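Structure file run.cif; described as mmCIF, C-alpha atoms.
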data_upload
loop_
_atom_site.label_atom_id
_atom_site.label_comp_id
_atom_site.auth_asym_id
_atom_site.auth_seq_id
_atom_site.Cartn_x
_atom_site.Cartn_y
_atom_site.Cartn_z
CA TYR A 1 6.39 -13.25 -23.38
CA GLN A 2 7.53 -10.15 -21.60
CA LYS A 3 8.32 -9.45 -17.97
CA ASP A 4 8.79 -6.07 -16.31
CA THR A 5 10.03 -5.54 -12.75
CA TYR A 6 9.06 -2.35 -10.95
CA PHE A 7 10.28 -1.11 -7.59
CA VAL A 8 7.37 0.46 -5.73
CA ASP A 9 6.51 1.60 -2.23
CA ASN A 10 3.82 -0.57 -0.65
CA TYR A 11 0.83 1.71 -0.10
CA SER A 12 -0.52 -0.60 2.60
CA LYS A 13 2.65 -0.29 4.68
CA SER A 14 4.52 2.60 3.14
CA SER A 15 7.87 4.10 4.13
CA ARG A 16 7.33 6.16 7.28
CA ALA A 17 9.30 8.12 9.83
CA GLY A 18 8.26 9.77 13.06
CA ILE A 19 8.80 10.36 16.73
CA LYS A 20 6.56 9.40 19.64
CA GLY A 21 6.96 10.12 23.33
CA GLU A 22 5.12 10.12 26.63
CA LYS A 23 6.06 11.61 30.01
CA LYS A 24 4.62 10.83 33.42
CA LEU A 25 3.56 14.03 35.20
CA ASP A 26 2.55 12.39 38.49
CA GLU A 27 0.96 9.16 39.72
CA SER A 28 -2.25 9.81 37.76
CA PHE A 29 -1.40 11.76 34.60
CA LYS A 30 0.76 11.23 31.52
CA VAL A 31 1.19 13.59 28.58
CA GLY A 32 2.35 12.44 25.17
CA GLY A 33 2.69 13.28 21.50
CA ASN A 34 3.20 11.64 18.14
CA VAL A 35 4.42 13.03 14.79
CA GLU A 36 4.50 10.62 11.83
CA LEU A 37 5.28 11.36 8.18
CA GLU A 38 4.78 9.09 5.16
CA PHE A 39 7.11 8.99 2.13
CA VAL A 40 5.72 7.36 -1.03
CA THR A 41 7.76 7.58 -4.24
CA SER A 42 5.85 5.20 -6.53
CA SER A 43 2.78 3.88 -4.77
CA SER A 44 1.77 0.26 -5.33
CA ALA A 45 -1.81 1.59 -5.57
CA SER A 46 -0.81 3.67 -8.62
CA VAL A 47 1.94 1.91 -10.58
CA SER A 48 0.64 -0.17 -13.50
CA GLN A 49 1.84 -2.07 -16.56
CA LEU A 50 1.61 1.22 -18.46
CA ASN A 51 3.18 3.54 -15.92
CA LYS A 52 6.26 2.58 -13.93
CA ASN A 53 6.56 5.69 -11.81
CA ALA A 54 3.03 7.05 -11.30
CA THR A 55 4.27 10.27 -9.75
CA THR A 56 2.06 12.53 -11.83
CA GLY A 57 -1.62 12.28 -12.69
CA GLY A 58 -4.05 9.50 -11.82
CA ASN A 59 -3.60 8.49 -8.20
CA ALA A 60 -0.65 10.82 -7.62
CA VAL A 61 -2.38 12.04 -4.45
CA HIS A 62 -0.84 8.99 -2.78
CA ASP A 63 2.70 9.98 -3.74
CA GLY A 64 5.10 12.39 -2.07
CA ILE A 65 5.26 13.38 1.60
CA LYS A 66 2.10 13.11 3.66
CA ILE A 67 1.30 13.87 7.29
CA ARG A 68 -0.16 10.71 8.81
CA GLN A 69 -0.37 11.81 12.43
CA VAL A 70 0.32 14.96 14.43
CA ASP A 71 -1.31 14.15 17.74
CA THR A 72 -1.04 14.96 21.44
CA TRP A 73 -2.82 13.44 24.42
CA LEU A 74 -3.41 13.45 28.16
CA ASN A 75 -3.70 9.99 29.70
CA SER A 76 -4.99 9.27 33.20
CA ASP A 77 -6.99 6.82 35.31
CA PHE A 78 -10.11 8.53 33.93
CA GLY A 79 -9.28 7.81 30.31
CA LYS A 80 -7.35 9.35 27.43
CA LEU A 81 -8.07 12.72 25.80
CA SER A 82 -6.44 13.29 22.40
CA LEU A 83 -6.22 16.43 20.27
CA GLY A 84 -4.72 16.68 16.80
CA HIS A 85 -4.57 14.77 13.52
CA GLY A 86 -5.05 11.08 14.31
CA SER A 87 -7.45 8.14 14.24
CA MET A 88 -11.14 8.75 14.77
CA ALA A 89 -13.00 6.63 17.34
CA SER A 90 -14.67 4.44 14.69
CA TYR A 91 -11.50 3.74 12.71
CA LEU A 92 -11.17 -0.03 12.00
CA THR A 93 -14.24 -1.04 14.01
CA VAL A 94 -15.07 -3.14 10.92
CA ALA A 95 -11.71 -4.95 11.09
CA SER A 96 -11.77 -6.99 14.30
CA ASP A 97 -9.30 -9.79 13.65
CA LEU A 98 -7.52 -12.51 15.64
CA SER A 99 -6.12 -14.51 12.74
CA GLY A 100 -3.58 -12.05 11.37
CA THR A 101 -5.45 -11.87 8.06
CA LYS A 102 -5.83 -8.09 8.13
CA ASP A 103 -2.04 -7.70 8.13
CA THR A 104 -1.56 -9.90 5.06
CA VAL A 105 -4.35 -8.40 2.91
CA GLY A 106 -3.97 -4.78 3.94
CA PHE A 107 -6.72 -4.61 6.56
CA VAL A 108 -9.90 -4.62 4.43
CA GLY A 109 -8.41 -3.24 1.20
CA PRO A 110 -6.79 -5.76 -1.17
CA TYR A 111 -6.24 -2.98 -3.72
CA LEU A 112 -3.74 -1.25 -1.44
CA MET A 113 -0.85 -3.49 -2.50
CA ALA A 114 -1.43 -3.67 -6.26
CA GLY A 115 -4.19 -1.19 -7.00
CA GLY A 116 -2.87 0.17 -10.28
CA LEU A 117 -2.36 -3.19 -12.03
CA TYR A 118 -4.66 -4.05 -14.91
CA PHE A 119 -6.49 -7.34 -15.27
CA HIS A 120 -5.78 -9.21 -18.52
CA THR A 121 -7.56 -11.90 -20.47
CA LYS A 122 -5.53 -14.81 -21.84
CA ASP A 123 -5.80 -13.52 -25.41
CA SER A 124 -4.39 -10.06 -24.60
CA THR A 125 -1.62 -9.43 -27.11
CA SER A 126 -0.79 -5.80 -26.41
CA LYS A 127 -0.32 -3.58 -23.39
CA VAL A 128 -2.60 -1.05 -25.06
CA ASN A 129 -5.50 -3.49 -24.80
CA SER A 130 -5.27 -3.33 -21.03
CA LEU A 131 -6.51 0.26 -21.07
CA ALA A 132 -10.04 -1.04 -21.55
CA ASP A 133 -9.72 -3.54 -18.70
CA PRO A 134 -10.40 -2.75 -15.01
CA THR A 135 -7.63 -2.27 -12.49
CA VAL A 136 -7.40 -3.91 -9.08
CA ASN A 137 -8.25 -0.52 -7.60
CA THR A 138 -11.58 -0.33 -9.45
CA ALA A 139 -12.54 -3.97 -8.84
CA PHE A 140 -12.03 -4.03 -5.07
CA ASN A 141 -13.43 -1.48 -2.66
CA VAL A 142 -12.22 -0.67 0.84
CA TYR A 143 -14.25 0.18 3.92
CA ASP A 144 -12.54 0.79 7.23
CA GLY A 145 -15.12 3.19 8.66
CA GLU A 146 -16.45 6.52 7.49
CA PHE A 147 -13.42 8.23 8.98
CA THR A 148 -9.77 7.27 9.16
CA ARG A 149 -7.37 9.93 10.44
CA GLN A 150 -8.71 13.45 10.87
CA SER A 151 -8.00 16.64 12.78
CA ARG A 152 -10.21 15.85 15.75
CA VAL A 153 -10.69 15.72 19.50
CA ARG A 154 -11.13 12.19 20.88
CA TYR A 155 -11.83 10.55 24.22
CA ASP A 156 -11.13 6.90 25.15
CA SER A 157 -12.50 5.50 28.39
CA PRO A 158 -10.64 3.05 30.64
CA THR A 159 -11.39 -0.64 30.08
CA PHE A 160 -14.12 -2.18 32.26
CA GLY A 161 -14.62 -5.96 32.04
CA GLY A 162 -13.12 -6.01 28.57
CA PHE A 163 -15.28 -3.11 27.29
CA SER A 164 -14.05 0.34 26.31
CA LEU A 165 -15.92 3.34 24.89
CA SER A 166 -14.54 5.99 22.53
CA GLY A 167 -15.91 9.15 20.95
CA SER A 168 -14.55 11.85 18.65
CA ILE A 169 -15.58 15.04 16.85
CA TYR A 170 -14.12 16.25 13.58
CA ASN A 171 -14.45 19.63 11.89
CA GLY A 172 -12.43 20.74 8.88
CA GLY A 173 -10.83 19.41 5.69
CA SER A 174 -11.24 15.72 4.97
CA ASP A 175 -8.58 13.03 5.06
CA ASN A 176 -7.68 12.21 1.44
CA GLN A 177 -7.63 8.43 1.94
CA THR A 178 -11.19 7.13 2.22
CA SER A 179 -13.37 9.80 3.79
CA PRO A 180 -15.74 11.81 1.56
CA SER A 181 -14.11 15.08 0.55
CA TYR A 182 -17.38 16.99 0.98
CA VAL A 183 -17.72 16.21 4.69
CA LYS A 184 -17.15 19.35 6.78
CA MET A 185 -18.17 18.07 10.20
CA GLY A 186 -18.76 14.68 11.76
CA SER A 187 -18.79 12.74 15.00
CA ASP A 188 -18.64 9.10 15.99
CA VAL A 189 -18.79 6.81 18.98
CA ALA A 190 -17.37 3.28 19.23
CA LEU A 191 -17.75 0.40 21.69
CA ARG A 192 -15.00 -2.21 21.75
CA TYR A 193 -14.62 -5.53 23.56
CA ALA A 194 -11.62 -7.83 23.96
CA ASP A 195 -11.24 -10.70 26.43
CA CYS A 196 -10.41 -14.38 26.80
CA LEU A 197 -13.26 -16.56 28.08
CA LYS A 198 -12.18 -20.05 29.17
CA GLY A 199 -9.61 -20.35 26.41
CA VAL A 200 -11.76 -18.63 23.77
CA LYS A 201 -10.49 -15.22 22.61
CA VAL A 202 -13.18 -12.75 21.60
CA GLU A 203 -12.65 -9.36 19.97
CA GLY A 204 -15.40 -7.12 18.63
CA ALA A 205 -16.38 -3.53 17.95
CA MET A 206 -19.43 -1.50 17.00
CA ALA A 207 -19.57 2.13 15.89
CA PHE A 208 -22.09 4.84 15.06
CA THR A 209 -21.03 7.71 12.80
CA ARG A 210 -22.92 10.90 11.97
CA LEU A 211 -21.89 13.13 9.07
CA SER A 212 -23.61 16.31 10.15
CA LYS A 213 -22.55 18.82 7.48
CA GLY A 214 -21.74 18.62 3.79
CA SER A 215 -23.46 18.98 0.43
CA ASP A 216 -24.32 15.27 0.12
CA ALA A 217 -23.88 14.04 3.67
CA LYS A 218 -26.00 16.24 5.92
CA ASN A 219 -27.33 14.19 8.81
CA GLN A 220 -26.19 10.89 7.24
CA LYS A 221 -25.99 8.14 9.86
CA VAL A 222 -23.88 4.99 9.55
CA TRP A 223 -23.66 1.86 11.76
CA ASP A 224 -20.85 -0.65 11.40
CA GLY A 225 -19.13 -3.36 13.40
CA SER A 226 -17.29 -6.67 13.41
CA ILE A 227 -16.47 -9.62 15.67
CA ALA A 228 -13.69 -12.24 15.77
CA VAL A 229 -13.51 -15.46 17.78
CA LEU A 230 -10.42 -17.65 18.18
#
Show me, as structure tokens, the structure contained in the file I just sent.
Amino acid sequence: YQKDTYFVDNYSKSSRAGIKGEKKLDESFKVGGNVELEFVTSSSASVSQLNKNATTGGNAVHDGIKIRQVDTWLNSDFGKLSLGHGSMASYLTVASDLSGTKDTVGFVGPYLMAGGLYFHTKDSTSKVNSLADPTVNTAFNVYDGEFTRQSRVRYDSPTFGGFSLSGSIYNGGSDNQTSPSYVKMGSDVALRYADCLKGVKVEGAMAFTRLSKGSDAKNQKVWDGSIAVL
């Protein structure tokens, strides 16, 4: 029997630092900005029984310093207009949740917290044998929308009767988390709803995404959505 203890940085909720501010210009307009950096030394999505540090090779793209958000916005009674590197309109439309589950399992990606670990059978007698076994990362897939955070322009409407509408356009290099690296341009629109009806809480979202340029994604169209009732 052997036990190893590794100290890792949780990839689902990694070490982060940033600054966020908003200033009221007049009775109708506010301007704001957000800069957020991520620091990952040994990602829990990379560290395994065979590699304690995982700072080179494999999933090393998750390690080091990463820009999560560099965003600015203008907020008014007519909605919010955002420009910079931040969430696309369809981000997490598949993760409507009122139970708190998404916070305990890493939204919709269980692999985020232990992705590099190998599965073992009971008769495994050597660490070397685990090389032929799958990892958590390869056994569980994540889907939180076609886009996560991108360099984009985005508009969010005010809320009317619990409904809000968002849209964004992206053009440039892809986010290295979940979005396809070959996508050069895309757009999405999302409809969200949240309200309490006679003691019943309802939260839902639906999104349409179009990947308009790219070697394998030209004119690809994707629908997704989710609903939660409590």
Legend entry - Residue nearest Gln49 (chain A) among A:Leu230, A:Ala114, A:Ala139, A:Ile169 (counting only C-alpha atoms):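 Smallest distance to Gln49 (chain A) is found for A:Ala114.
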Legend entry - Residues within 7 Å of Val8 (chain A), only C-alpha atoms, excluding chain neighbours under 3 positions, as a list in words: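 So the residues in contact are Ser42, Ser43 and Ser44 of chain A.
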Inset, instruction - Go through A:Glu22, A:Asp133, A:Asp71, A:Asp224 one by one, measure the shortest atom-to-atom distance of each to Ala207 (chain A) using only C-alpha atoms, and give the residue with the smallest value. - result: A:Asp224
Inset, instruction - Check which residues satisfy the PyMOL selection byres ((chain A and resi 64) around 6) in the file shown, then give them as a ChimeraX atom specification. - result: /A:39-41,63,65
Legend entry - Pick from A:Ser164, A:Ser48, A:Asn10, A:Gln69 nearest to Thr148 (chain A), counting all atoms listed in the file: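 Closest residue, counting all atoms listed in the file: A:Gln69.
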Legend entry - Within 10 Å of Leu37 (chain A) using only C-alpha atoms, minus same-chain residues under 2 positions, as number ranges by chain: A: 15-19, 35, 39, 65-70
Legend entry - Hits of the PyMOL selection byres ((chain A and resi 223) around 12) in this structure, as a list in words: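 On this input, the PyMOL selection byres ((chain A and resi 223) around 12) captures Ser90, Thr93, Val94, Gly145, Glu146, Asp188, Val189, Ala190, Leu191, Ala205, Met206, Ala207, Phe208, Thr209, Arg210, Leu211, Gln220, Lys221, Val222, Asp224, Gly225 and Ser226 of chain A.
Within 9 Å of the point (-13.6, 13.9, 17.7), counting all atoms listed in the file, the protein and nucleic acid residues come to Ser82, Leu83, Met88, Ala89, Gln150, Ser151, Arg152, Val153, Arg154, Tyr155, Gly167, Ser168, Ile169, Tyr170, Asn171, Gly186, Ser187, Asp188 and Val189 of chain A.
Excluding region 195-198 of chain A itself and same-chain residues fewer than 4 positions from it, the residues having an atom within 9 Å of it are Gly161, Gly162, Phe163, Val202 and Glu203 of chain A, counting all atoms listed in the file.
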Inset, instruction - Would you work out the distance separating CA of Ser87 (chain A) from CA of Lys23 (chain A), expressed in Å to one decimal? - result: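 Between these atoms lies a distance of 21.1 Å.
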